[in-house]
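Trainee: Sharing target-v9.cif, mmCIF, C-alpha atoms and all ligand atoms:
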```cif
data_coords
#
loop_
_atom_site.label_atom_id
_atom_site.label_comp_id
_atom_site.auth_asym_id
_atom_site.auth_seq_id
_atom_site.Cartn_x
_atom_site.Cartn_y
_atom_site.Cartn_z
CA MET S 1 -77.14 103.93 -51.05
CA ILE S 2 -77.42 106.44 -48.23
CA ASP S 3 -75.44 109.63 -48.57
CA LYS S 4 -73.41 109.49 -45.34
CA ASN S 5 -71.65 112.84 -45.90
CA LYS S 6 -74.89 114.76 -46.15
CA ILE S 7 -76.45 112.82 -43.29
CA ASN S 8 -73.45 113.44 -41.05
CA THR S 9 -73.78 117.19 -41.56
CA LYS S 10 -77.44 116.98 -40.53
CA LEU S 11 -76.63 114.90 -37.46
CA ILE S 12 -74.11 117.54 -36.40
CA ASN S 13 -76.38 120.51 -37.11
CA ILE S 14 -79.71 119.17 -35.94
CA LEU S 15 -78.86 116.64 -33.23
CA ASN S 16 -75.63 118.17 -32.04
CA MET S 17 -73.85 114.84 -32.55
CA LYS S 18 -70.07 114.79 -32.91
CA GLU S 19 -67.88 113.10 -35.54
CA PRO S 20 -66.54 110.56 -36.15
CA PHE S 21 -69.71 108.48 -36.60
CA ASN S 22 -70.06 104.75 -36.60
CA TYR S 23 -72.85 103.25 -38.78
CA THR S 24 -74.10 99.71 -38.10
CA GLU S 25 -76.83 98.20 -40.23
CA ILE S 26 -79.36 96.66 -37.84
CA GLY S 27 -82.32 96.18 -40.21
CA ASP S 28 -83.43 92.62 -40.65
CA GLY S 29 -86.51 93.10 -42.86
CA ASN S 30 -86.92 92.88 -46.62
CA VAL S 31 -87.97 96.45 -47.18
CA ASN S 32 -85.71 99.18 -45.76
CA TYR S 33 -82.17 99.82 -44.66
CA VAL S 34 -82.05 100.59 -40.92
CA TYR S 35 -78.87 101.85 -39.23
CA ARG S 36 -77.78 102.66 -35.71
CA VAL S 37 -75.45 105.64 -35.77
CA LYS S 38 -73.18 106.24 -32.80
CA ASP S 39 -71.15 109.43 -32.37
CA VAL S 40 -67.76 109.83 -30.74
CA GLY S 41 -69.35 110.41 -27.32
CA GLY S 42 -71.58 107.33 -27.52
CA LYS S 43 -74.78 109.22 -28.41
CA THR S 44 -76.97 107.19 -30.78
CA CYS S 45 -79.90 107.53 -33.15
CA ILE S 46 -81.65 105.25 -35.63
CA ILE S 47 -81.82 106.03 -39.34
CA LYS S 48 -84.47 104.35 -41.47
CA TYR S 49 -83.64 104.77 -45.14
CA GLY S 50 -86.50 104.21 -47.57
CA ALA S 51 -84.76 103.67 -50.90
CA ASP S 52 -86.81 103.57 -54.11
CA HIS S 53 -86.37 99.79 -54.16
CA ILE S 54 -86.61 97.02 -51.59
CA ARG S 55 -83.60 96.15 -49.43
CA ASN S 56 -80.84 94.31 -51.29
CA ASN S 57 -82.73 94.22 -54.60
CA GLU S 58 -82.47 97.34 -56.76
CA LYS S 59 -84.66 95.84 -59.47
CA ARG S 60 -87.72 95.58 -57.20
CA LYS S 61 -88.94 99.18 -57.15
CA LEU S 62 -90.96 100.52 -54.20
CA SER S 63 -91.94 104.15 -53.76
CA SER S 64 -89.98 106.07 -51.11
CA ASP S 65 -93.28 107.70 -50.20
CA ARG S 66 -93.54 105.05 -47.46
CA ASN S 67 -90.81 106.94 -45.61
CA ARG S 68 -92.82 110.20 -45.73
CA ILE S 69 -95.95 108.35 -44.62
CA GLU S 70 -94.16 106.68 -41.69
CA HIS S 71 -92.96 110.08 -40.53
CA TYR S 72 -96.41 111.62 -40.94
CA ILE S 73 -98.32 108.97 -39.03
CA LEU S 74 -95.75 108.72 -36.23
CA THR S 75 -96.08 112.45 -35.66
CA LYS S 76 -99.88 112.17 -35.60
CA GLN S 77 -99.85 109.11 -33.33
CA ARG S 78 -97.49 110.81 -30.94
CA ALA S 79 -100.01 113.60 -30.51
CA LEU S 80 -102.75 111.02 -29.84
CA ILE S 81 -100.87 108.66 -27.55
CA ASN S 82 -97.74 110.32 -26.36
CA GLY S 83 -95.05 107.88 -25.33
CA MET S 84 -96.30 104.80 -27.17
CA VAL S 85 -94.45 105.45 -30.44
CA PRO S 86 -90.79 106.29 -31.10
CA GLU S 87 -89.76 109.92 -30.97
CA ILE S 88 -88.85 111.28 -34.39
CA TYR S 89 -85.84 113.58 -34.47
CA PHE S 90 -86.22 114.63 -38.11
CA TYR S 91 -87.27 113.51 -41.57
CA ASP S 92 -85.50 114.43 -44.80
CA GLU S 93 -87.46 113.88 -47.98
CA THR S 94 -84.50 114.37 -50.33
CA LEU S 95 -82.24 111.98 -48.46
CA LYS S 96 -85.23 109.61 -47.89
CA ILE S 97 -84.37 109.20 -44.23
CA LEU S 98 -86.32 109.13 -41.03
CA VAL S 99 -84.15 109.76 -37.97
CA MET S 100 -85.53 108.62 -34.63
CA GLU S 101 -84.74 107.70 -31.06
CA ASP S 102 -82.80 104.51 -30.41
CA LEU S 103 -85.05 101.98 -28.69
CA GLY S 104 -82.31 99.39 -28.42
CA GLU S 105 -82.94 98.99 -24.70
CA TYR S 106 -86.38 97.58 -25.42
CA LYS S 107 -87.15 94.06 -26.65
CA ILE S 108 -89.22 93.17 -29.70
CA LEU S 109 -92.44 91.49 -28.59
CA TRP S 110 -92.31 88.53 -31.00
CA ASN S 111 -88.84 87.54 -29.79
CA GLU S 112 -90.08 87.68 -26.20
CA LEU S 113 -93.15 85.60 -27.04
CA GLU S 114 -90.81 82.99 -28.49
CA LYS S 115 -89.20 82.87 -25.05
CA TYR S 116 -92.65 82.68 -23.39
CA LYS S 117 -92.21 85.91 -21.41
CA ILE S 118 -95.15 87.51 -19.63
CA PHE S 119 -95.98 91.24 -19.87
CA THR S 120 -98.56 92.12 -17.25
CA PHE S 121 -99.69 95.48 -18.62
CA PHE S 122 -99.67 94.67 -22.31
CA ASP S 123 -103.46 94.17 -22.66
CA GLU S 124 -104.20 97.56 -21.14
CA GLN S 125 -101.48 99.31 -23.12
CA MET S 126 -102.61 97.79 -26.40
CA ALA S 127 -106.27 98.60 -25.80
CA LEU S 128 -105.35 102.20 -25.07
CA PHE S 129 -103.15 102.41 -28.16
CA LEU S 130 -105.96 101.03 -30.34
CA TYR S 131 -108.63 103.28 -28.88
CA ASN S 132 -106.58 106.45 -29.15
CA THR S 133 -105.03 105.92 -32.55
CA LEU S 134 -108.08 104.33 -34.21
CA PHE S 135 -111.30 105.61 -32.70
CA LYS S 136 -110.06 109.16 -32.26
CA THR S 137 -109.13 109.41 -35.94
CA THR S 138 -112.62 108.56 -37.19
CA ASP S 139 -115.22 110.99 -38.57
CA LEU S 140 -116.97 110.68 -35.24
CA CYS S 141 -114.15 112.39 -33.37
CA MET S 142 -112.51 114.61 -35.99
CA LYS S 143 -113.78 117.56 -37.96
CA SER S 144 -114.79 116.43 -41.42
CA ASP S 145 -112.34 118.64 -43.34
CA GLU S 146 -109.39 117.83 -41.09
CA LYS S 147 -110.03 114.11 -41.32
CA LYS S 148 -110.10 114.26 -45.11
CA ARG S 149 -106.84 116.20 -45.18
CA VAL S 150 -105.13 113.61 -42.97
CA ALA S 151 -106.60 110.71 -44.94
CA GLY S 152 -105.36 112.34 -48.16
CA LYS S 153 -101.80 112.49 -46.84
CA LEU S 154 -101.99 108.78 -46.11
CA ILE S 155 -102.79 107.58 -49.61
CA ASN S 156 -100.24 104.79 -49.71
CA VAL S 157 -100.36 103.30 -53.21
CA ASP S 158 -97.42 100.88 -53.22
CA MET S 159 -97.74 99.57 -49.68
CA CYS S 160 -101.50 99.03 -49.93
CA GLU S 161 -100.95 97.10 -53.15
CA ILE S 162 -98.66 94.74 -51.21
CA SER S 163 -101.23 94.23 -48.42
CA GLU S 164 -104.09 93.75 -50.87
CA ARG S 165 -102.14 91.05 -52.71
CA LEU S 166 -100.43 89.28 -49.80
CA VAL S 167 -103.29 89.38 -47.31
CA PHE S 168 -106.35 88.87 -49.48
CA THR S 169 -105.50 87.57 -52.94
CA GLU S 170 -102.53 85.23 -52.72
CA PRO S 171 -103.49 83.08 -49.72
CA ILE S 172 -106.84 82.27 -51.36
CA PHE S 173 -105.85 81.96 -55.03
CA ASN S 174 -102.12 81.12 -54.83
CA LYS S 175 -101.66 82.68 -58.26
CA GLU S 176 -97.92 83.17 -57.79
CA GLY S 177 -97.59 79.70 -56.25
CA LEU S 178 -95.91 81.08 -53.13
CA ASN S 179 -98.18 79.54 -50.50
CA SER S 180 -96.56 76.80 -48.45
CA PHE S 181 -97.68 74.39 -45.73
CA ALA S 182 -97.13 70.82 -44.56
CA GLU S 183 -97.95 68.18 -47.18
CA LYS S 184 -100.36 66.68 -44.67
CA ASN S 185 -102.50 69.85 -44.82
CA ALA S 186 -102.76 69.96 -48.63
CA GLY S 187 -106.26 68.42 -48.65
CA LEU S 188 -107.44 70.78 -45.92
CA VAL S 189 -106.18 73.86 -47.79
CA LYS S 190 -107.80 72.70 -51.03
CA ASN S 191 -111.18 71.91 -49.46
CA LYS S 192 -111.44 74.65 -46.87
CA ILE S 193 -109.78 77.48 -48.79
CA TYR S 194 -109.09 77.15 -52.51
CA THR S 195 -112.48 75.62 -53.33
CA ASN S 196 -114.54 77.04 -50.45
CA GLU S 197 -117.06 79.48 -51.92
CA LYS S 198 -117.91 80.94 -48.51
CA VAL S 199 -114.27 81.78 -47.79
CA ILE S 200 -113.82 83.21 -51.28
CA LEU S 201 -116.90 85.44 -50.89
CA SER S 202 -116.01 86.62 -47.38
CA THR S 203 -112.45 87.41 -48.43
CA ALA S 204 -113.74 89.43 -51.38
CA LYS S 205 -115.97 91.39 -48.97
CA LEU S 206 -113.10 91.98 -46.55
CA LYS S 207 -110.77 93.09 -49.34
CA GLU S 208 -113.32 95.48 -50.81
CA HIS S 209 -113.94 96.94 -47.35
CA PHE S 210 -110.20 97.25 -46.73
CA LYS S 211 -109.84 99.24 -49.95
CA ASN S 212 -112.84 101.51 -49.58
CA TYR S 213 -113.74 102.12 -45.94
CA SER S 214 -111.68 105.16 -44.88
CA GLN S 215 -112.58 104.90 -41.23
CA SER S 216 -109.40 105.33 -39.17
CA MET S 217 -105.71 106.13 -39.37
CA LEU S 218 -104.29 102.61 -39.40
CA HIS S 219 -100.84 101.41 -38.46
CA GLY S 220 -101.31 98.91 -41.28
CA ASP S 221 -98.92 96.17 -40.13
CA LEU S 222 -99.65 95.73 -36.45
CA HIS S 223 -97.97 92.43 -35.64
CA THR S 224 -95.84 91.58 -32.62
CA GLY S 225 -92.66 92.40 -34.58
CA SER S 226 -93.85 96.03 -34.74
CA ILE S 227 -93.88 96.42 -30.96
CA PHE S 228 -90.98 97.24 -28.67
CA ILE S 229 -91.68 96.32 -25.08
CA ASN S 230 -90.30 96.20 -21.56
CA GLU S 231 -91.90 95.52 -18.20
CA TYR S 232 -93.62 98.92 -18.13
CA GLU S 233 -93.96 100.33 -21.62
CA ILE S 234 -94.65 99.64 -25.26
CA LYS S 235 -93.46 101.53 -28.34
CA VAL S 236 -95.30 100.70 -31.53
CA PHE S 237 -93.10 101.26 -34.58
CA ASP S 238 -92.78 100.63 -38.35
CA PRO S 239 -96.15 102.03 -39.54
CA GLU S 240 -95.06 102.31 -43.19
CA PHE S 241 -98.17 100.39 -44.36
CA SER S 242 -100.37 103.10 -42.84
CA PHE S 243 -103.47 104.34 -44.66
CA TYR S 244 -107.03 105.34 -43.81
CA GLY S 245 -108.91 102.05 -43.54
CA PRO S 246 -111.21 99.94 -41.36
CA MET S 247 -110.01 99.95 -37.75
CA GLY S 248 -110.86 96.27 -37.43
CA TYR S 249 -107.84 95.63 -39.65
CA ASP S 250 -105.34 96.80 -36.99
CA ILE S 251 -107.31 95.17 -34.17
CA GLY S 252 -107.59 91.90 -36.10
CA ASN S 253 -103.91 91.97 -37.01
CA ILE S 254 -102.61 92.21 -33.47
CA LEU S 255 -105.11 89.67 -32.12
CA GLY S 256 -104.45 87.28 -35.02
CA ASN S 257 -100.71 87.38 -34.44
CA LEU S 258 -101.16 86.78 -30.71
CA ILE S 259 -103.40 83.80 -31.51
CA ILE S 260 -100.61 82.32 -33.63
CA SER S 261 -98.20 82.66 -30.67
CA TYR S 262 -100.82 81.10 -28.40
CA VAL S 263 -101.26 78.02 -30.59
CA VAL S 264 -97.48 77.65 -30.98
CA SER S 265 -97.06 77.80 -27.19
CA ALA S 266 -99.65 75.04 -26.70
CA PHE S 267 -97.29 72.66 -28.50
CA SER S 268 -94.11 73.68 -26.75
CA GLU S 269 -92.76 71.86 -23.72
CA LYS S 270 -90.90 75.02 -22.78
CA SER S 271 -94.02 77.16 -22.32
CA GLU S 272 -95.52 77.11 -18.84
CA LEU S 273 -99.22 77.00 -18.04
CA SER S 274 -98.98 80.43 -16.41
CA TYR S 275 -97.68 81.86 -19.71
CA ARG S 276 -100.44 80.26 -21.76
CA LYS S 277 -103.07 81.51 -19.33
CA TRP S 278 -101.61 85.00 -19.49
CA LEU S 279 -101.62 85.01 -23.29
CA ASN S 280 -105.18 83.66 -23.47
CA THR S 281 -106.38 86.37 -21.06
CA THR S 282 -104.38 89.05 -22.88
CA ILE S 283 -105.99 88.24 -26.22
CA ARG S 284 -109.48 88.45 -24.70
CA ASN S 285 -108.67 91.54 -22.66
CA ILE S 286 -107.29 93.60 -25.51
CA LEU S 287 -110.70 93.50 -27.17
CA ILE S 288 -112.70 93.72 -23.94
CA LYS S 289 -110.67 96.66 -22.65
CA PHE S 290 -110.92 98.37 -26.04
CA MET S 291 -114.72 98.01 -25.85
CA ASP S 292 -114.71 99.35 -22.28
CA LEU S 293 -112.75 102.40 -23.36
CA TYR S 294 -115.17 102.89 -26.24
CA ASN S 295 -118.24 102.61 -24.02
CA LYS S 296 -116.82 104.88 -21.31
CA ASN S 297 -115.38 107.62 -23.52
CA TYR S 298 -117.75 107.68 -26.49
CA ASP S 299 -120.04 110.45 -25.26
CA GLU S 300 -117.15 112.71 -24.43
CA ASP S 301 -114.97 111.98 -27.48
CA VAL S 302 -117.61 112.03 -30.22
CA ILE S 303 -118.25 115.40 -31.88
CA GLU S 304 -120.47 114.18 -34.73
CA VAL S 305 -124.01 115.18 -33.82
CA THR S 306 -125.78 112.40 -35.71
CA ALA S 307 -123.70 109.79 -33.86
CA LYS S 308 -124.56 111.03 -30.39
CA ASN S 309 -127.14 108.41 -29.49
CA GLU S 310 -127.13 104.93 -27.96
CA ALA S 311 -128.42 103.11 -31.04
CA PHE S 312 -125.64 104.42 -33.27
CA LYS S 313 -123.02 103.88 -30.57
CA LYS S 314 -123.97 100.20 -30.45
CA TYR S 315 -124.26 99.83 -34.24
CA TYR S 316 -120.81 101.34 -34.80
CA LEU S 317 -119.10 99.14 -32.18
CA ASP S 318 -120.80 96.04 -33.57
CA ASN S 319 -119.30 96.76 -36.97
CA ILE S 320 -115.82 97.32 -35.52
CA ILE S 321 -116.01 93.94 -33.78
CA LYS S 322 -117.24 92.10 -36.88
CA ASP S 323 -114.45 93.61 -38.96
CA SER S 324 -111.90 92.71 -36.29
CA PHE S 325 -112.91 89.04 -36.43
CA GLY S 326 -112.81 89.00 -40.22
CA TYR S 327 -109.36 90.54 -40.44
CA MET S 328 -108.17 88.34 -37.57
CA GLY S 329 -109.04 85.44 -39.85
CA THR S 330 -107.32 86.79 -42.97
CA GLU S 331 -104.21 87.69 -40.92
CA ILE S 332 -103.93 84.25 -39.29
CA LEU S 333 -104.38 82.58 -42.66
CA ARG S 334 -101.86 84.66 -44.55
CA ARG S 335 -99.24 84.36 -41.79
CA THR S 336 -99.77 80.58 -41.72
CA ILE S 337 -99.85 79.58 -45.39
CA GLY S 338 -98.88 82.78 -47.24
CA MET S 339 -95.40 83.93 -48.18
CA ALA S 340 -94.83 86.34 -45.25
CA LYS S 341 -94.91 83.80 -42.42
CA VAL S 342 -94.27 84.73 -38.83
CA PRO S 343 -90.90 83.64 -37.36
CA GLN S 344 -92.70 81.65 -34.63
CA LEU S 345 -94.00 79.30 -37.33
CA LYS S 346 -90.89 79.26 -39.48
CA ASN S 347 -88.72 78.35 -36.49
CA ILE S 348 -90.56 75.14 -35.54
CA ASN S 349 -88.38 72.14 -36.32
CA ASP S 350 -90.69 69.32 -35.24
CA ASN S 351 -92.68 68.48 -38.41
CA LYS S 352 -95.53 66.76 -36.60
CA ASN S 353 -96.08 69.75 -34.31
CA LYS S 354 -95.72 72.10 -37.24
CA SER S 355 -98.49 70.46 -39.25
CA SER S 356 -100.73 70.26 -36.15
CA ILE S 357 -100.25 73.96 -35.44
CA GLU S 358 -100.91 74.82 -39.07
CA LYS S 359 -104.07 72.73 -39.08
CA ILE S 360 -105.47 74.51 -36.01
CA LEU S 361 -104.62 77.92 -37.42
CA ILE S 362 -106.18 77.11 -40.79
CA GLU S 363 -109.35 75.81 -39.11
CA ILE S 364 -109.75 78.86 -36.85
CA SER S 365 -109.02 81.32 -39.64
CA VAL S 366 -111.59 79.66 -41.90
CA TYR S 367 -114.13 79.80 -39.07
CA LEU S 368 -113.43 83.51 -38.54
CA ILE S 369 -113.52 84.37 -42.25
CA GLU S 370 -116.71 82.40 -42.93
CA ASN S 371 -118.59 83.76 -39.91
CA PHE S 372 -117.19 87.22 -39.21
CA GLU S 373 -120.50 88.97 -39.87
CA GLN S 374 -122.18 87.01 -37.07
CA LEU S 375 -119.36 86.92 -34.50
CA ARG S 376 -119.43 89.14 -31.40
CA ASP S 377 -117.63 87.32 -28.61
CA ILE S 378 -113.87 86.88 -28.26
CA GLY S 379 -114.47 84.45 -25.38
CA HIS S 380 -116.28 82.13 -27.80
CA ILE S 381 -113.36 82.26 -30.25
CA MET S 382 -110.83 81.41 -27.54
CA GLU S 383 -112.97 78.50 -26.31
CA LYS S 384 -113.29 77.20 -29.85
CA LEU S 385 -109.54 77.53 -30.30
CA ASP S 386 -108.87 75.57 -27.07
CA GLU S 387 -111.28 72.83 -28.22
CA GLU S 388 -109.50 72.61 -31.56
CA ILE S 389 -106.11 72.36 -29.80
CA VAL S 390 -107.39 69.49 -27.62
CA ASN S 391 -108.92 67.70 -30.64
CA VAL S 392 -105.75 67.88 -32.68
CA LYS S 393 -103.59 66.80 -29.73
CA ASN S 394 -105.82 63.80 -29.14
CA GLY S 395 -105.41 62.88 -32.79
P1 LIG S 401 -88.45 97.26 -41.93
O1 LIG S 401 -89.83 97.74 -42.11
O2 LIG S 401 -87.60 97.53 -43.09
O3 LIG S 401 -88.37 95.83 -41.45
P2 LIG S 401 -88.29 98.22 -39.22
O4 LIG S 401 -88.80 99.57 -38.90
O5 LIG S 401 -89.14 97.07 -38.87
O6 LIG S 401 -87.88 98.16 -40.76
O7 LIG S 401 -86.88 98.05 -38.53
C1 LIG S 401 -86.10 96.88 -38.72
C2 LIG S 401 -85.41 96.51 -37.41
O8 LIG S 401 -84.55 97.58 -37.00
C3 LIG S 401 -86.37 96.32 -36.25
O9 LIG S 401 -86.87 95.01 -36.23
C4 LIG S 401 -85.52 96.64 -35.07
O10 LIG S 401 -84.72 95.53 -34.72
C5 LIG S 401 -84.60 97.74 -35.60
N1 LIG S 401 -85.15 99.07 -35.27
C6 LIG S 401 -86.05 99.80 -35.98
N2 LIG S 401 -86.35 100.95 -35.38
C7 LIG S 401 -85.62 101.00 -34.25
C8 LIG S 401 -85.47 101.95 -33.18
N3 LIG S 401 -86.13 103.13 -33.16
N4 LIG S 401 -84.60 101.65 -32.20
C9 LIG S 401 -83.90 100.49 -32.19
N5 LIG S 401 -83.99 99.55 -33.16
C10 LIG S 401 -84.83 99.80 -34.18
MG MG S 402 -91.63 97.39 -42.27
#
```
Represent the supplied structure as structure tokens.
Mentor:
Amino acid sequence: MIDKNKINTKLINILNMKEPFNYTEIGDGNVNYVYRVKDVGGKTCIIKYGADHIRNNEKRKLSSDRNRIEHYILTKQRALINGMVPEIYFYDETLKILVMEDLGEYKILWNELEKYKIFTFFDEQMALFLYNTLFKTTDLCMKSDEKKRVAGKLINVDMCEISERLVFTEPIFNKEGLNSFAEKNAGLVKNKIYTNEKVILSTAKLKEHFKNYSQSMLHGDLHTGSIFINEYEIKVFDPEFSFYGPMGYDIGNILGNLIISYVVSAFSEKSELSYRKWLNTTIRNILIKFMDLYNKNYDEDVIEVTAKNEAFKKYYLDNIIKDSFGYMGTEILRRTIGMAKVPQLKNINDNKNKSSIEKILIEISVYLIENFEQLRDIGHIMEKLDEEIVNVKNG
């Protein structure tokens, strides 16, 4: 458990907070203990405690190194994209705590998407976040020795093991028997996933690439539950799965999660057409605006001499896009049939809608996984998705 006495002394000395303190546990995940601490004058901060086990289960060990890594990457990201990540007040390795600003005034994006809320600037903000945190941490933009030092600090053994298993292995092989989906989709899952050699091969390629391509400083778990938002700003948080990996993984994760919300909204009477249009455009624009930023800033941002030519610039972007489509597929699939489902899917009560939504998501993820090496156009994916929605609705 957290050592409140020692923490209180730090809060007094470092943050000038005043006793008595009130601790409220606000964490809702499976991994860490997260508290809001309020002092006598109403000043607050957030404490994320990374115990050496997962939340509420002391037998399931998990290295506290994730806490150090979260602190490290947030500090680095802040330097790259000031204002789009929470401010860290301090980190204490012995107490295993990360103390940061309270973002309680913001909303979490996935809750807002469940209410079909529109955020006008989100596409631009996300594209900028992706460009700055991902492209600027590649070998093209960083000195070789510095990049290796940063990548070394982000070796994240325990958390990468979780991603490798839950994203790539389990959804395809169901070795632990934890996949779940509507009975009606059992045949589809068997034919299109468990016994589909193309999907098995592509997933093996994507997993191997995930493990070995130290391209960019990744957030590592970039879903809509890792984003605080309001009308004007985003704050991307919870990067404890960070490591140096293929940037298409982060891009694919956020786009894949938005696609899930999009398909869910197509089956909800509460979502308005204006919302669905906004979300469709946002998904396209995140990638398009990312590519625009890349094309506009490449010459200025790249310091690697061998990369300073048009042919390489195009080759490198092509590979980012391919990867993004592949990881979009693995993310949609694992969030649909794997054990860590998104709340949007878990919360659907209507069984018929639920199996229809699952079917569409399985179909599109299989398409993405099978074809990622040839795919270039997000517009094509969104059109295909809309066709699939219409087909399933028409029975
Ligand atoms: P875990 O990885 O253990 O799920 P998170 O970092 O996702 O931990 O935090 C869990 C929850 O705590 C978040 O979903 C959010 O509701 C709340 N939370 C986390 N960080 C902050 C913050 N800086 N300000 C306000 N609430 C926060
Ligand atoms: Mg987390």
Trainee: Pick from S:Tyr91, S:Phe237, S:Tyr262, S:Tyr106: nearest to ligand MG 402 (chain S), with all atoms listed in the file counted?
Mentor: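 Using all atoms listed in the file, ligand MG 402 (chain S) sits closest to S:Phe237.
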Trainee: Return the single residue from S:Ile12, S:Leu368, S:Val302, S:Leu345 that is closest to Thr137 of chain S, with distances computed using only C-alpha atoms.
Mentor: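 Nearest candidate to Thr137 of chain S out of S:Ile12, S:Leu368, S:Val302, S:Leu345: S:Val302.
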Trainee: I want to know what sits within 10 Å of Asp318 of chain S, based on only C-alpha atoms, with residues of the same chain fewer than 6 positions away left out; could you give that as a PyMOL selection string?
Mentor: chain S and resi 312+324+373-376
Trainee: Could you list, as a PDB file with C-alpha atoms, in the coordinates of the input, all the residues within 7 Å of ligand LIG 401 (chain S), counting all atoms listed in the file?
Mentor:
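Listed below is the output, part26.pdb:
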```pdb
ATOM      1  CA  ILE S  26     -79.360  96.660 -37.840  1.00  0.00           C
ATOM      2  CA  GLY S  27     -82.320  96.180 -40.210  1.00  0.00           C
ATOM      3  CA  ASP S  28     -83.430  92.620 -40.650  1.00  0.00           C
ATOM      4  CA  GLY S  29     -86.510  93.100 -42.860  1.00  0.00           C
ATOM      5  CA  ASN S  30     -86.920  92.880 -46.620  1.00  0.00           C
ATOM      6  CA  VAL S  31     -87.970  96.450 -47.180  1.00  0.00           C
ATOM      7  CA  ASN S  32     -85.710  99.180 -45.760  1.00  0.00           C
ATOM      8  CA  TYR S  33     -82.170  99.820 -44.660  1.00  0.00           C
ATOM      9  CA  VAL S  34     -82.050 100.590 -40.920  1.00  0.00           C
ATOM     10  CA  ILE S  46     -81.650 105.250 -35.630  1.00  0.00           C
ATOM     11  CA  LYS S  48     -84.470 104.350 -41.470  1.00  0.00           C
ATOM     12  CA  PRO S  86     -90.790 106.290 -31.100  1.00  0.00           C
ATOM     13  CA  MET S 100     -85.530 108.620 -34.630  1.00  0.00           C
ATOM     14  CA  GLU S 101     -84.740 107.700 -31.060  1.00  0.00           C
ATOM     15  CA  ASP S 102     -82.800 104.510 -30.410  1.00  0.00           C
ATOM     16  CA  LEU S 103     -85.050 101.980 -28.690  1.00  0.00           C
ATOM     17  CA  GLY S 104     -82.310  99.390 -28.420  1.00  0.00           C
ATOM     18  CA  GLY S 225     -92.660  92.400 -34.580  1.00  0.00           C
ATOM     19  CA  SER S 226     -93.850  96.030 -34.740  1.00  0.00           C
ATOM     20  CA  PHE S 237     -93.100 101.260 -34.580  1.00  0.00           C
ATOM     21  CA  ASP S 238     -92.780 100.630 -38.350  1.00  0.00           C
TER      22      ASP S 238
END
```
Trainee: Using only C-alpha atoms and all ligand atoms, can you tell me which of S:Val263, S:Ile54, S:Ile362, S:Ala204 comes closest to ligand MG 402 (chain S)?
Mentor: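 Of the candidates, the smallest distance to ligand MG 402 (chain S) is held by S:Ile54.
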Trainee: With 8 Å added on each side, what axis-aligned box encloses every listed atom of segment 363-375 of chain S? Give the centre and edge lengths in Å to one decimal, as JSON.
Mentor:
```
{"center_x": -115.6, "center_y": 82.4, "center_z": -38.7, "size_x": 29.2, "size_y": 29.2, "size_z": 24.4}
```
Trainee: Fewer than 6 positions away in the same chain doesn't count, so skip those; otherwise give me all residues within 10 Å of Lys136 of chain S, counting all atoms listed in the file, as a PyMOL selection string.
Mentor: chain S and resi 80+130+142+216-217+298+301-302
Trainee: Just the selected residues (C-alpha atoms), exported as a compact mmCIF listing (two decimals), keeping the file's coordinate frame, please.
Mentor:
```txt
# COMPACT_ATOMS: atom_id res chain seq x y z
CA LEU S 80 -102.75 111.02 -29.84
CA LEU S 130 -105.96 101.03 -30.34
CA MET S 142 -112.51 114.61 -35.99
CA SER S 216 -109.40 105.33 -39.17
CA MET S 217 -105.71 106.13 -39.37
CA TYR S 298 -117.75 107.68 -26.49
CA ASP S 301 -114.97 111.98 -27.48
CA VAL S 302 -117.61 112.03 -30.22
```
Trainee: Give me the residues near segment 61-77 of chain S as a ChimeraX atom specification, where near means some atom within 9 Å (using all atoms listed in the file) and where sequence neighbours in that chain fewer than 6 positions away do not count.
Mentor: /S:31,48-54,84-88,90-93,96-98,132-133,153-159,217-219,237-243
Trainee: When you draw a straight line from atom CA of Asp350 of chain S to atom CA of Thr224 of chain S, how long is it in Å?
Mentor: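 Computing the Euclidean distance for atom CA of Asp350 of chain S and atom CA of Thr224 of chain S yields 23.0 Å.
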